[in-house]
file upload29.txt (compact mmCIF, C-alpha atoms)
# COMPACT_ATOMS: atom_id res chain seq x y z
CA MET E 93 18.75 -32.96 1.52
CA SER E 94 16.82 -32.29 4.72
CA ASP E 95 13.37 -30.76 5.09
CA GLN E 96 12.61 -29.21 8.46
CA ARG E 97 10.63 -26.51 10.22
CA LEU E 98 12.08 -23.25 11.55
CA ARG E 99 10.85 -21.03 14.35
CA THR E 100 10.66 -17.26 14.51
CA ASN E 101 12.45 -15.26 17.15
CA SER E 102 9.37 -13.56 18.57
CA ALA E 103 11.44 -11.62 21.09
CA VAL E 104 12.87 -9.57 18.21
CA THR E 105 10.24 -9.54 15.48
CA PRO E 106 7.86 -12.17 14.09
CA PHE E 107 9.73 -11.97 10.78
CA VAL E 108 13.12 -13.07 12.20
CA LEU E 109 13.99 -16.73 11.59
CA ASP E 110 16.67 -18.69 13.42
CA ILE E 111 18.38 -20.82 10.75
CA ARG E 112 20.92 -22.71 12.88
CA SER E 113 19.06 -25.98 12.35
CA LEU E 114 19.17 -25.47 8.59
CA GLY E 115 22.96 -25.67 8.44
CA ARG E 116 25.13 -24.45 5.60
CA ARG E 117 25.24 -27.58 3.48
CA ALA E 118 24.04 -26.63 0.01
CA GLY E 119 20.70 -28.24 -0.70
CA SER E 120 19.44 -28.28 2.89
CA MET E 121 15.85 -27.06 3.05
CA ALA E 122 13.30 -25.93 5.60
CA GLN E 123 9.63 -25.01 5.36
CA VAL E 124 8.01 -22.01 7.02
CA HIS E 125 4.21 -22.03 7.31
CA ARG E 126 2.85 -19.51 9.78
CA THR E 127 0.71 -16.47 10.40
CA VAL E 128 2.31 -13.40 11.95
CA SER E 129 0.70 -10.22 13.25
CA VAL E 130 2.14 -6.89 12.15
CA ASP E 131 2.40 -3.90 14.47
CA ARG E 132 2.33 -1.33 11.66
CA SER E 133 0.74 -1.07 8.27
CA ILE E 134 2.62 -2.55 5.32
CA GLY E 135 1.98 -1.10 1.88
CA LEU E 136 1.25 2.31 0.41
CA ASP E 137 -0.47 5.49 1.59
CA LEU E 138 -3.84 4.72 -0.01
CA ILE E 139 -3.88 0.93 0.43
CA ALA E 140 -1.99 -1.41 2.76
CA ILE E 141 -2.14 -4.39 5.07
CA PRO E 142 -3.36 -2.57 8.20
CA SER E 143 -1.60 -2.52 11.52
CA GLU E 144 -2.62 -5.29 13.95
CA SER E 145 -3.68 -7.59 11.10
CA ASP E 146 -2.25 -10.95 10.05
CA ILE E 147 0.14 -11.92 7.27
CA ASP E 148 0.36 -15.53 6.10
CA LEU E 149 3.82 -16.88 5.23
CA ASP E 150 4.24 -20.01 3.13
CA LEU E 151 7.96 -20.19 2.41
CA ARG E 152 10.79 -22.53 1.56
CA LEU E 153 14.34 -21.84 2.75
CA GLU E 154 17.19 -23.48 0.85
CA ALA E 155 20.87 -23.34 1.76
CA VAL E 156 22.99 -22.41 -1.27
CA ALA E 157 26.70 -21.66 -1.68
CA GLU E 158 26.38 -17.92 -0.93
CA GLY E 159 23.56 -17.91 1.59
CA VAL E 160 19.94 -18.92 2.06
CA LEU E 161 17.44 -18.60 -0.78
CA VAL E 162 13.92 -17.79 0.41
CA THR E 163 11.01 -18.47 -1.95
CA GLY E 164 7.25 -18.69 -1.45
CA THR E 165 4.13 -16.63 -0.96
CA VAL E 166 3.15 -13.82 1.38
CA SER E 167 -0.52 -12.88 1.69
CA GLY E 168 -2.75 -10.67 3.77
CA ASP E 169 -5.97 -8.64 3.74
CA THR E 170 -5.70 -5.03 2.63
CA ALA E 171 -7.68 -1.89 3.46
CA GLY E 172 -7.58 1.58 1.95
CA GLN E 173 -9.57 4.06 -0.10
CA CYS E 174 -10.31 4.77 -3.72
CA ALA E 175 -7.95 7.38 -5.14
CA ARG E 176 -10.82 9.11 -6.98
CA CYS E 177 -13.88 9.01 -4.72
CA LEU E 178 -12.21 8.16 -1.36
CA GLU E 179 -14.62 5.29 -0.70
CA PRO E 180 -13.22 2.51 1.54
CA LEU E 181 -11.56 -0.40 -0.25
CA GLY E 182 -10.79 -3.94 0.88
CA GLY E 183 -9.07 -6.86 -0.75
CA THR E 184 -6.25 -9.37 -0.53
CA VAL E 185 -2.62 -9.14 -1.60
CA ASN E 186 -0.82 -12.35 -2.54
CA VAL E 187 2.80 -11.94 -3.62
CA PHE E 188 5.57 -14.35 -4.56
CA LEU E 189 8.81 -13.77 -2.67
CA THR E 190 12.28 -14.66 -3.98
CA GLU E 191 15.17 -13.32 -1.90
CA LEU E 192 18.76 -14.37 -1.27
CA PHE E 193 20.12 -13.76 2.23
CA ALA E 194 23.93 -13.77 2.07
CA TYR E 195 26.21 -15.49 4.58
CA PRO E 196 28.35 -12.92 6.45
CA ASP E 197 31.64 -14.29 5.06
CA SER E 198 30.50 -15.06 1.52
CA VAL E 199 31.78 -13.50 -1.69
CA THR E 200 28.32 -11.97 -2.21
CA ASP E 201 28.51 -10.32 1.21
CA GLN E 202 31.99 -8.93 0.57
CA THR E 203 31.34 -7.63 -2.95
CA THR E 204 27.77 -6.27 -2.69
CA ASP E 205 26.72 -2.87 -1.32
CA ALA E 206 24.91 -2.92 2.00
CA ASP E 207 21.56 -1.84 0.53
CA ASP E 208 21.64 -4.20 -2.47
CA ILE E 209 21.13 -7.53 -0.73
CA HIS E 210 19.75 -8.99 2.50
CA ARG E 211 22.21 -10.54 4.91
CA ILE E 212 22.24 -13.24 7.57
CA SER E 213 23.32 -12.04 11.02
CA ASP E 214 23.98 -14.26 14.05
CA ASP E 215 22.42 -17.26 12.27
CA GLN E 216 19.20 -15.30 11.79
CA LEU E 217 17.52 -13.77 8.79
CA ASP E 218 14.96 -10.98 8.98
CA LEU E 219 12.18 -11.21 6.39
CA GLU E 220 10.49 -7.94 7.34
CA GLN E 221 12.08 -5.62 4.76
CA ALA E 222 11.73 -8.22 2.01
CA VAL E 223 8.01 -8.56 2.82
CA ILE E 224 7.57 -4.77 2.94
CA ASP E 225 9.24 -4.35 -0.46
CA ALA E 226 7.31 -7.19 -2.11
CA VAL E 227 3.91 -6.03 -0.84
CA GLY E 228 4.60 -2.40 -1.74
CA LEU E 229 5.56 -3.30 -5.31
CA ASP E 230 2.45 -5.47 -5.78
CA LEU E 231 -0.15 -2.97 -4.57
CA PRO E 232 -1.57 -0.39 -7.02
CA MET E 233 -0.21 3.14 -6.72
CA VAL E 234 -3.70 4.45 -7.62
CA PRO E 235 -6.26 2.05 -6.11
CA LEU E 236 -9.78 2.39 -7.54
CA CYS E 237 -13.15 1.09 -6.37
CA ARG E 238 -13.75 0.35 -10.05
CA ASP E 239 -11.99 1.29 -13.28
CA ASP E 240 -14.67 3.78 -14.40
CA CYS E 241 -15.09 5.52 -11.02
CA SER E 242 -16.16 9.12 -11.71
CA GLY E 243 -14.59 10.53 -8.56
CA LEU E 244 -15.80 13.57 -6.64
CA CYS E 245 -17.37 16.78 -7.86
CA PRO E 246 -14.56 19.37 -7.84
CA ASP E 247 -16.98 22.09 -6.74
CA CYS E 248 -18.95 20.52 -3.89
CA GLY E 249 -17.18 17.20 -3.21
CA VAL E 250 -20.23 14.97 -3.73
CA ARG E 251 -19.50 11.51 -5.12
CA LEU E 252 -20.45 11.73 -8.79
CA ASP E 253 -21.43 8.06 -9.12
CA THR E 254 -24.25 8.62 -6.61
CA ALA E 255 -25.16 12.20 -7.59
CA ASP E 256 -28.17 13.14 -9.73
CA PRO E 257 -27.53 12.63 -13.45
CA ASP E 258 -27.94 16.38 -14.07
CA HIS E 259 -25.64 17.37 -11.20
CA HIS E 260 -23.68 20.48 -12.22
CA HIS E 261 -22.62 23.91 -11.04
CA GLU E 262 -23.02 27.13 -13.00
CA LYS E 263 -19.65 28.36 -14.12
CA ILE E 264 -19.06 32.10 -14.31
CA ASP E 265 -15.96 33.46 -15.99
CA PRO E 266 -14.25 35.47 -13.23
CA ARG E 267 -13.67 38.31 -15.72
CA TRP E 268 -17.46 38.79 -15.94
CA ALA E 269 -18.26 38.23 -12.26
CA ALA E 270 -18.26 41.97 -11.46
CA LEU E 271 -20.78 42.69 -14.24
CA ARG E 272 -23.04 39.91 -12.99
CA ASP E 273 -22.94 41.42 -9.50
CA LEU E 274 -23.86 44.86 -10.90
CA ALA E 275 -26.78 43.40 -12.82
CA THR E 276 -28.01 41.61 -9.73
CA ASP E 277 -27.78 44.79 -7.64
CA GLY E 278 -29.66 46.78 -10.30
CA ASP E 279 -32.53 44.28 -10.42
CA SER E 280 -32.94 44.25 -6.65
CA THR E 281 -32.91 48.08 -6.20
CA THR E 282 -36.29 49.84 -6.66
CA THR E 283 -37.44 53.34 -5.78
CA ASP E 284 -40.77 53.81 -3.98
CA THR E 285 -42.20 57.16 -5.20
CA GLY E 286 -45.46 56.83 -3.25
CA PRO E 287 -48.99 57.26 -4.65
CA ASP E 288 -49.57 59.23 -7.83
CA THR E 289 -51.03 62.66 -6.77
CA SER E 290 -50.82 64.38 -10.14
CA ARG E 291 -54.57 64.04 -10.73
call {"tool": "encode", "arguments": {"input": "upload29.txt", "output": "structure tokens"}}
result
Amino acid sequence: MSDQRLRTNSAVTPFVLDIRSLGRRAGSMAQVHRTVSVDRSIGLDLIAIPSESDIDLDLRLEAVAEGVLVTGTVSGDTAGQCARCLEPLGGTVNVFLTELFAYPDSVTDQTTDADDIHRISDDQLDLEQAVIDAVGLDLPMVPLCRDDCSGLCPDCGVRLDTADPDHHHEKIDPRWAALRDLATDGDSTTTDTGPDTSR
């Protein structure tokens, strides 16, 4: 069993690994420890690893009968906004990756649909989609600045956690709005009859 280091093919993408030195003998292993920079955000709409930031890879590649098994951790800093109050959020995502990349002539390759498994092509494996999937599944669909975030006022948009405790808006039933307007007009209309000359 060998333990070696692999290099990325930076001319294609920082996530592509050349595995020729690994060989196809079951049990052969290689370690991947590196930091790569991403050219687009990876994650969800409200929270993700931003574009132009770094992702740390700490992986082990093991040759098995049907392909190369990739295991290890993927981590990076995240940025986004709270789903309730829209305040900026920051944090770190740290996910465990386990993916099999099938050899092009293996039984797994021949019997598995194209979208159901990753494949090795030209003695290279591309980790990008596996990383995208793992990070996306780990991040919260509804990120919150804190669990009890009160969100925004639906009427004026002010952040309720920082608003006055008695912050509220008068609610008028739209069925009575016309009567309120009539009452307001009646109060503001006065008739000036001039001085009293009856005496």
call {"tool": "atom_distance", "arguments": {"input": "upload29.txt", "atom1": "CA of Ile212 (chain E)", "atom2": "CA of Ile147 (chain E)"}}
result
22.1 Å
call {"tool": "residues_around", "arguments": {"input": "upload29.txt", "residues": "Gln173 (chain E)", "least_positions_apart": "6", "cutoff": "8 Å", "atoms": "only C-alpha atoms", "output": "JSON, numbers by chain"}}
result
{"E": [138, 139, 179, 180, 181, 235, 236, 237]}
call {"tool": "atom_distance", "arguments": {"input": "upload29.txt", "atom1": "CA of Pro106 (chain E)", "atom2": "CA of Gly183 (chain E)"}}
result
23.1 Å
call {"tool": "residues_around", "arguments": {"input": "upload29.txt", "residues": "Asp214 (chain E)", "least_positions_apart": "5", "cutoff": "10 Å", "atoms": "only C-alpha atoms", "output": "VMD selection string"}}
result
chain E and resid 110 to 112 195 to 196
call {"tool": "write_last_selection", "arguments": {"input": "upload29.txt", "atoms": "C-alpha atoms", "output": "mmCIF file, in the frame of the given file"}}
result
data_model
loop_
_atom_site.group_PDB
_atom_site.id
_atom_site.type_symbol
_atom_site.label_atom_id
_atom_site.label_comp_id
_atom_site.auth_asym_id
_atom_site.auth_seq_id
_atom_site.Cartn_x
_atom_site.Cartn_y
_atom_site.Cartn_z
ATOM 1 C CA ASP E 110 16.670 -18.690 13.420
ATOM 2 C CA ILE E 111 18.380 -20.820 10.750
ATOM 3 C CA ARG E 112 20.920 -22.710 12.880
ATOM 4 C CA TYR E 195 26.210 -15.490 4.580
ATOM 5 C CA PRO E 196 28.350 -12.920 6.450
#
call {"tool": "atom_distance", "arguments": {"input": "upload29.txt", "atom1": "CA of Val130 (chain E)", "atom2": "CA of Pro142 (chain E)"}}
result
8.0 Å
call {"tool": "closest_residue", "arguments": {"input": "upload29.txt", "among": "E:Leu189, E:Ser198, E:Asp137, E:Val128", "to": "Arg116 (chain E)", "atoms": "only C-alpha atoms"}}
result
E:Ser198
call {"tool": "residues_around", "arguments": {"input": "upload29.txt", "residues": "Cys177 (chain E)", "least_positions_apart": "2", "cutoff": "10 Å", "atoms": "all atoms listed in the file", "output": "list in words"}}
result
Gln173, Cys174, Ala175, Glu179, Pro180, Leu236, Cys237, Cys241, Ser242, Gly243, Leu244, Cys245, Gly249, Val250, Arg251, Leu252 and Asp253 of chain E
call {"tool": "residues_around", "arguments": {"input": "upload29.txt", "residues": "Gly182 (chain E)", "least_positions_apart": "2", "cutoff": "8 Å", "atoms": "all atoms listed in the file", "output": "ChimeraX atom specification"}}
result
/E:169-172,180,184
call {"tool": "write_last_selection", "arguments": {"input": "upload29.txt", "atoms": "C-alpha atoms", "output": "PDB file, in the frame of the given file"}}
result
ATOM      1  CA  ASP E 169      -5.970  -8.640   3.740  1.00  0.00           C
ATOM      2  CA  THR E 170      -5.700  -5.030   2.630  1.00  0.00           C
ATOM      3  CA  ALA E 171      -7.680  -1.890   3.460  1.00  0.00           C
ATOM      4  CA  GLY E 172      -7.580   1.580   1.950  1.00  0.00           C
ATOM      5  CA  PRO E 180     -13.220   2.510   1.540  1.00  0.00           C
ATOM      6  CA  THR E 184      -6.250  -9.370  -0.530  1.00  0.00           C
TER       7      THR E 184
END
call {"tool": "closest_residue", "arguments": {"input": "upload29.txt", "among": "E:Thr127, E:Ser143, E:Ser113, E:Gln216", "to": "Val166 (chain E)", "atoms": "all atoms listed in the file"}}
result
E:Thr127
call {"tool": "residues_near_point", "arguments": {"input": "upload29.txt", "point": "(4.4, -3.5, 15.5)", "cutoff": "12 Å", "atoms": "only C-alpha atoms", "output": "ChimeraX atom specification"}}
result
/E:102,104-107,128-134,142-146,220
call {"tool": "residues_around", "arguments": {"input": "upload29.txt", "residues": "Gly228 (chain E)", "least_positions_apart": "5", "cutoff": "10 Å", "atoms": "all atoms listed in the file", "output": "count of residues only"}}
result
12
call {"tool": "closest_residue", "arguments": {"input": "upload29.txt", "among": "E:Thr163, E:Gly168, E:Gln123, E:Gln202", "to": "Leu231 (chain E)", "atoms": "all atoms listed in the file"}}
result
E:Gly168
